[in-house]
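Printed here is structure.txt (compact mmCIF, C-alpha atoms):
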# COMPACT_ATOMS: atom_id res chain seq x y z
CA MET A 21 158.48 155.85 138.26
CA GLU A 22 156.21 153.00 139.30
CA TRP A 23 153.85 153.69 136.40
CA SER A 24 156.76 153.65 133.97
CA LYS A 25 157.83 150.19 135.20
CA THR A 26 154.24 148.88 135.06
CA LYS A 27 153.81 150.19 131.50
CA THR A 28 157.03 148.49 130.44
CA ILE A 29 155.89 145.19 131.96
CA PHE A 30 152.52 145.40 130.12
CA ILE A 31 154.27 146.15 126.81
CA LEU A 32 156.59 143.17 127.25
CA ALA A 33 153.70 140.91 128.25
CA PHE A 34 151.65 141.86 125.18
CA LEU A 35 154.73 141.45 122.97
CA ILE A 36 155.32 137.93 124.30
CA LEU A 37 151.62 137.13 123.80
CA ASP A 38 151.73 138.39 120.20
CA ILE A 39 154.80 136.27 119.47
CA PHE A 40 153.13 133.19 121.01
CA LEU A 41 149.94 133.70 118.99
CA ALA A 42 151.95 134.22 115.80
CA ILE A 43 153.85 130.95 116.38
CA GLU A 44 150.57 129.09 117.05
CA PHE A 45 149.03 130.55 113.90
CA PHE A 46 151.91 129.53 111.64
CA GLU A 47 152.10 126.05 113.19
CA LEU A 48 148.37 125.54 112.67
CA ARG A 49 148.56 126.82 109.10
CA GLY A 50 151.53 124.54 108.49
CA GLU A 51 149.61 121.52 109.80
CA ASN A 52 146.60 122.35 107.60
CA GLU A 53 148.82 122.80 104.55
CA PHE A 54 150.57 119.50 105.32
CA ALA A 55 147.18 117.74 105.62
CA VAL A 56 146.11 119.13 102.23
CA ILE A 57 149.42 117.99 100.68
CA GLN A 58 149.02 114.53 102.20
CA GLU A 59 145.44 114.29 100.93
CA ALA A 60 146.51 115.29 97.44
CA LYS A 61 149.34 112.76 97.59
CA ILE A 62 147.09 109.76 98.40
CA GLU A 63 144.58 110.82 95.74
CA GLU A 64 147.38 110.91 93.15
CA GLN A 65 148.70 107.51 94.30
CA LEU A 66 145.25 105.93 94.03
CA ALA A 67 144.77 107.42 90.57
CA THR A 68 148.18 106.10 89.45
CA GLU A 69 147.19 102.58 90.55
CA GLY A 70 143.81 102.86 88.82
CA ILE A 71 141.94 102.56 92.13
CA LYS A 72 138.54 104.21 91.80
CA TYR A 73 136.09 105.51 94.39
CA GLY A 74 133.02 107.70 94.26
CA ASN A 75 131.78 110.39 96.62
CA LEU A 76 133.11 109.74 100.12
CA PRO A 77 131.10 110.24 103.33
CA ASP A 78 131.58 113.50 105.24
CA ASP A 79 134.00 113.61 108.14
CA ILE A 80 132.47 112.09 111.28
CA GLY A 81 134.05 114.43 113.82
CA LYS A 82 134.46 112.91 117.26
CA SER A 83 133.30 109.40 118.12
CA SER A 84 133.70 106.82 120.88
CA TYR A 85 133.54 103.12 121.66
CA ILE A 86 130.19 101.57 122.61
CA THR A 87 129.48 98.75 125.04
CA SER A 88 126.58 96.31 125.08
CA LYS A 89 125.55 92.86 126.19
CA SER A 90 124.07 89.94 124.29
CA LYS A 91 120.39 89.24 124.86
CA ASP A 92 119.24 85.86 126.09
CA PHE A 93 115.93 85.02 124.39
CA THR A 94 113.57 83.18 126.73
CA LEU A 95 110.82 80.66 126.12
CA GLU A 96 108.40 83.42 127.10
CA ASP A 97 109.81 85.61 124.30
CA ILE A 98 109.39 82.77 121.83
CA SER A 99 105.80 82.08 122.93
CA LYS A 100 104.81 85.57 121.72
CA LEU A 101 105.92 84.84 118.16
CA LYS A 102 102.99 83.78 115.97
CA ASN A 103 102.93 81.33 113.06
CA GLN A 104 106.47 80.08 113.62
CA LYS A 105 108.27 77.52 115.74
CA LEU A 106 111.68 77.05 117.30
CA VAL A 107 114.17 74.96 115.37
CA VAL A 108 115.56 72.62 118.01
CA THR A 109 119.28 71.91 117.73
CA THR A 110 121.83 70.10 119.86
CA THR A 111 122.88 73.46 121.34
CA ASN A 112 119.44 74.58 122.53
CA ASN A 113 117.60 71.31 123.13
CA PHE A 114 117.45 71.53 126.91
CA GLU A 115 117.96 75.25 127.49
CA GLU A 116 115.39 77.79 128.69
CA SER A 117 117.16 80.74 127.07
CA PHE A 118 118.96 81.16 123.77
CA ARG A 119 121.69 83.55 122.70
CA ASN A 120 121.13 82.53 119.08
CA LEU A 121 117.50 82.05 118.07
CA ARG A 122 116.49 79.98 115.03
CA MET A 123 112.85 79.97 113.93
CA GLU A 124 110.93 78.29 111.12
CA LEU A 125 107.83 79.90 109.59
CA ASP A 126 104.61 77.93 109.32
CA GLU A 127 104.09 79.51 105.88
CA PRO A 128 106.89 80.98 103.73
CA PHE A 129 106.88 84.76 103.42
CA PRO A 130 107.14 85.85 99.73
CA LEU A 131 109.41 88.73 98.70
CA PRO A 132 108.48 90.75 95.60
CA GLU A 133 110.93 91.70 92.85
CA VAL A 134 110.25 95.41 93.48
CA ASN A 135 110.30 97.32 96.79
CA THR A 136 112.08 94.35 98.34
CA GLN A 137 113.70 96.29 101.17
CA SER A 138 110.40 97.81 102.35
CA LYS A 139 108.89 94.30 102.38
CA ILE A 140 111.87 93.05 104.40
CA ASN A 141 111.38 95.90 106.89
CA GLN A 142 107.72 94.92 107.19
CA PHE A 143 108.68 91.31 107.88
CA LEU A 144 111.19 92.36 110.54
CA LYS A 145 108.64 94.49 112.38
CA ASP A 146 105.84 91.90 112.16
CA HIS A 147 107.72 88.65 112.80
CA ILE A 148 110.94 89.39 114.68
CA ILE A 149 111.52 90.24 118.35
CA SER A 150 112.35 94.00 118.43
CA GLY A 151 112.43 93.84 114.64
CA GLU A 152 112.46 97.65 114.31
CA LEU A 153 116.09 97.63 115.52
CA TYR A 154 117.29 95.72 112.44
CA HIS A 155 117.99 97.04 108.96
CA PHE A 156 118.82 95.46 105.61
CA TRP A 157 122.59 95.21 105.07
CA TYR A 158 123.18 93.00 102.02
CA ARG A 159 122.06 89.87 100.21
CA ASP A 160 124.33 86.84 100.46
CA GLU A 161 123.99 85.06 97.12
CA GLN A 162 126.12 82.10 98.16
CA LEU A 163 124.03 81.47 101.28
CA ASN A 164 120.80 82.51 99.52
CA ALA A 165 119.96 84.69 102.49
CA ILE A 166 119.37 88.31 103.41
CA ILE A 167 121.57 89.79 106.13
CA CYS A 168 120.07 92.42 108.45
CA VAL A 169 121.96 94.05 111.34
CA GLN A 170 121.18 96.28 114.27
CA LYS A 171 121.90 99.99 114.16
CA TYR A 172 122.95 102.36 116.92
CA ASN A 173 122.58 106.13 116.42
CA ASN A 174 121.65 105.30 112.83
CA ARG A 175 125.04 103.56 112.35
CA TYR A 176 125.41 99.91 111.37
CA ILE A 177 126.81 97.44 113.89
CA PHE A 178 129.04 95.47 111.53
CA GLN A 179 129.68 91.79 112.28
CA ASN A 180 130.66 88.46 110.85
CA LYS A 181 127.64 86.35 109.93
CA ASP A 182 129.35 83.24 111.32
CA GLU A 183 129.74 84.86 114.76
CA HIS A 184 126.88 87.32 114.65
CA ILE A 185 126.00 89.27 117.79
CA GLY A 186 123.19 91.58 116.63
CA MET A 187 121.95 90.17 113.36
CA VAL A 188 118.99 88.59 111.62
CA ILE A 189 119.69 86.16 108.78
CA LEU A 190 116.64 85.56 106.58
CA TYR A 191 116.94 82.24 104.72
CA LEU A 192 115.26 82.02 101.29
CA ASN A 193 113.95 79.09 99.28
CA ASP A 194 114.11 78.74 95.50
CA ASP A 195 110.90 80.79 95.15
CA ASN A 196 112.46 83.82 96.88
CA GLU A 197 110.42 83.24 100.03
CA ILE A 198 111.61 83.56 103.62
CA PHE A 199 111.08 80.18 105.27
CA GLU A 200 113.43 80.40 108.25
CA TYR A 201 115.51 82.95 110.13
CA GLN A 202 118.26 83.22 112.70
CA GLN A 203 118.49 86.05 115.25
CA SER A 204 120.93 87.47 117.77
CA MET A 205 120.54 90.78 119.58
CA LEU A 206 122.51 93.39 121.52
CA GLU A 207 120.91 95.31 124.38
CA ASP A 208 121.90 97.96 126.94
CA ILE A 209 124.02 99.75 124.34
CA LYS A 210 125.96 102.67 125.84
CA GLU A 211 128.59 105.12 124.61
CA VAL A 212 131.92 105.36 126.38
CA GLU A 213 132.22 108.94 127.62
CA ASP A 214 135.65 109.76 126.17
CA LYS A 215 135.36 110.85 122.54
CA GLU A 216 138.18 111.16 120.03
CA GLN A 217 138.54 112.57 116.54
CA ALA A 218 137.68 109.93 113.93
CA VAL A 219 139.82 109.53 110.82
CA SER A 220 138.20 110.50 107.51
CA ALA A 221 136.98 108.01 104.93
CA LEU A 222 139.94 108.91 102.70
CA LYS A 223 142.35 108.21 105.59
CA ALA A 224 140.73 104.79 106.04
CA ILE A 225 141.29 104.08 102.33
CA GLU A 226 144.87 105.28 102.70
CA ALA A 227 145.41 102.79 105.55
CA LEU A 228 144.39 99.95 103.21
CA PHE A 229 146.57 101.33 100.42
CA ASN A 230 149.65 101.63 102.65
CA LYS A 231 149.18 98.02 103.81
CA ARG A 232 149.00 96.95 100.12
CA TYR A 233 145.49 95.53 100.50
CA LEU A 234 144.12 97.52 97.54
CA LYS A 235 144.95 95.91 94.22
CA SER A 236 145.55 97.92 91.06
CA ASN A 237 142.45 98.71 88.96
CA SER A 238 140.09 97.86 91.82
CA GLU A 239 137.07 99.95 92.79
CA ILE A 240 135.75 100.92 96.19
CA LYS A 241 132.05 100.14 95.86
CA GLN A 242 130.93 101.11 99.35
CA ILE A 243 132.26 102.79 102.49
CA LYS A 244 130.14 103.16 105.61
CA PHE A 245 130.79 104.26 109.18
CA GLY A 246 129.56 102.14 112.07
CA TYR A 247 130.76 99.92 114.92
CA TYR A 248 132.64 96.63 114.90
CA THR A 249 134.49 94.13 117.07
CA HIS A 250 136.77 91.56 115.44
CA ILE A 251 136.78 89.52 118.68
CA PRO A 252 133.13 88.91 119.73
CA LEU A 253 132.85 87.92 123.39
CA SER A 254 130.39 85.49 124.96
CA ASN A 255 128.28 88.17 126.64
CA GLN A 256 129.66 91.71 127.03
CA GLN A 257 130.69 93.41 123.80
CA ILE A 258 133.02 96.36 123.21
CA LEU A 259 132.68 97.80 119.72
CA ALA A 260 134.98 100.35 118.10
CA PRO A 261 133.97 103.11 115.67
CA THR A 262 134.84 101.56 112.33
CA TRP A 263 134.88 102.16 108.59
CA HIS A 264 133.52 99.22 106.59
CA ILE A 265 134.93 99.24 103.06
CA VAL A 266 133.77 97.01 100.21
CA VAL A 267 136.18 96.64 97.28
CA GLU A 268 135.63 95.03 93.91
CA THR A 269 138.82 93.78 92.27
CA GLU A 270 139.61 93.83 88.55
CA GLU A 271 138.53 90.16 88.50
CA GLU A 272 135.13 91.24 89.96
CA GLU A 273 135.84 89.62 93.32
CA ARG A 274 134.31 91.23 96.41
CA GLU A 275 136.61 92.02 99.35
CA GLU A 276 135.59 93.52 102.69
CA TYR A 277 137.77 95.47 105.10
CA TYR A 278 137.29 97.06 108.51
CA VAL A 279 139.41 100.05 109.54
CA HIS A 280 139.46 101.35 113.14
CA ALA A 281 138.11 104.90 112.87
CA LEU A 282 140.04 106.22 115.90
CA GLU A 283 143.41 104.53 115.43
CA GLY A 284 143.43 104.07 111.65
CA ASP A 285 144.43 100.39 111.91
CA VAL A 286 143.09 97.66 109.64
CA LEU A 287 141.03 95.39 111.91
CA GLN A 288 140.20 92.66 109.42
CA SER A 289 141.16 91.78 105.88
CA PRO A 290 140.18 88.94 103.51
CA GLN A 291 141.57 85.54 104.46

Would you mind giving the structure from this file in structure tokens?
Amino acid sequence: MEWSKTKTIFILAFLILDIFLAIEFFELRGENEFAVIQEAKIEEQLATEGIKYGNLPDDIGKSSYITSKSKDFTLEDISKLKNQKLVVTTTNNFEESFRNLRMELDEPFPLPEVNTQSKINQFLKDHIISGELYHFWYRDEQLNAIICVQKYNNRYIFQNKDEHIGMVILYLNDDNEIFEYQQSMLEDIKEVEDKEQAVSALKAIEALFNKRYLKSNSEIKQIKFGYYTHIPLSNQQILAPTWHIVVETEEEEREEYYVHALEGDVLQSPQ
């Protein structure tokens, strides 16, 4: 009698478990099918508007915020730099440490027409404090300068050149020679322990499309994953995982956007 009751309980328990697993399976399959439908929908919408893009980066998986602090360059740091001198300004005239370092070379450093990036990397390592941390980002034609930024875990730390926090700006003369540079630096970079699933590159593009930032017949020229803060602080920095998207309009104008990779929100758009 007891065995009969026990057997019945086991059968009911396994039946309930089977029903639960079946429900979970169909819900998961439904979510996956919905995601595929949504992906196809945004691709069709972009195609209808004539918005082009090439191969997109792979999904990132889980990511997290990072924290850091701004380095104060000291006079001792500066004394170790050879064949260059501090550009004295009203902001650093009487200080013994500098958050933003500006140096002038005794002799301009020429950049060749070929293998330019490797030559820039050489300059960074040979002439810049902790220069191995910085990497070429882009050339600013209007400023006639080369913008280099720090990386963390091989990801760019994106930033505004007017409020840079971990950047080297290499100023060029008319002969394509580096004659002066500006440097800021982040140190003690750490990951926040809690990690979350990052949105895909296509989802980041969709966020721009839904906000009507992408104009018809434009082209996404570049999309990279890194870290960014749209509100730089005076010392401590909190940077979010971010997609940086460069768009070229039909009129050949360059527009840059930052999309929060965890929340899917547009952090910054062209003014």

Name all residues at most 12 Å from range 137-146 of chain A (count only C-alpha atoms; drop same-chain ones fewer than 2 positions away) and give them as a ChimeraX atom specification. /A:100-104,125,128-135,148-159,165-170,187-192,196-203

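Closest approach to Ile86 in chain A among A:Leu228, A:Ile251, A:Val212, A:Ala218: A:Val212, based on only C-alpha atoms.
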
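CA of Leu287 in chain A is found 11.8 Å from CA of Lys231 in chain A.
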
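Residue nearest His280 in chain A, chosen from A:Glu226, A:Asp195, A:Asp214, A:His264 and counting only C-alpha atoms: A:His264.
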
Nearest to Ser254 in chain A, restricted to all atoms listed in the file and choosing among A:Asp78, A:Leu206, A:Glu63, A:Ser84, comes out as A:Leu206
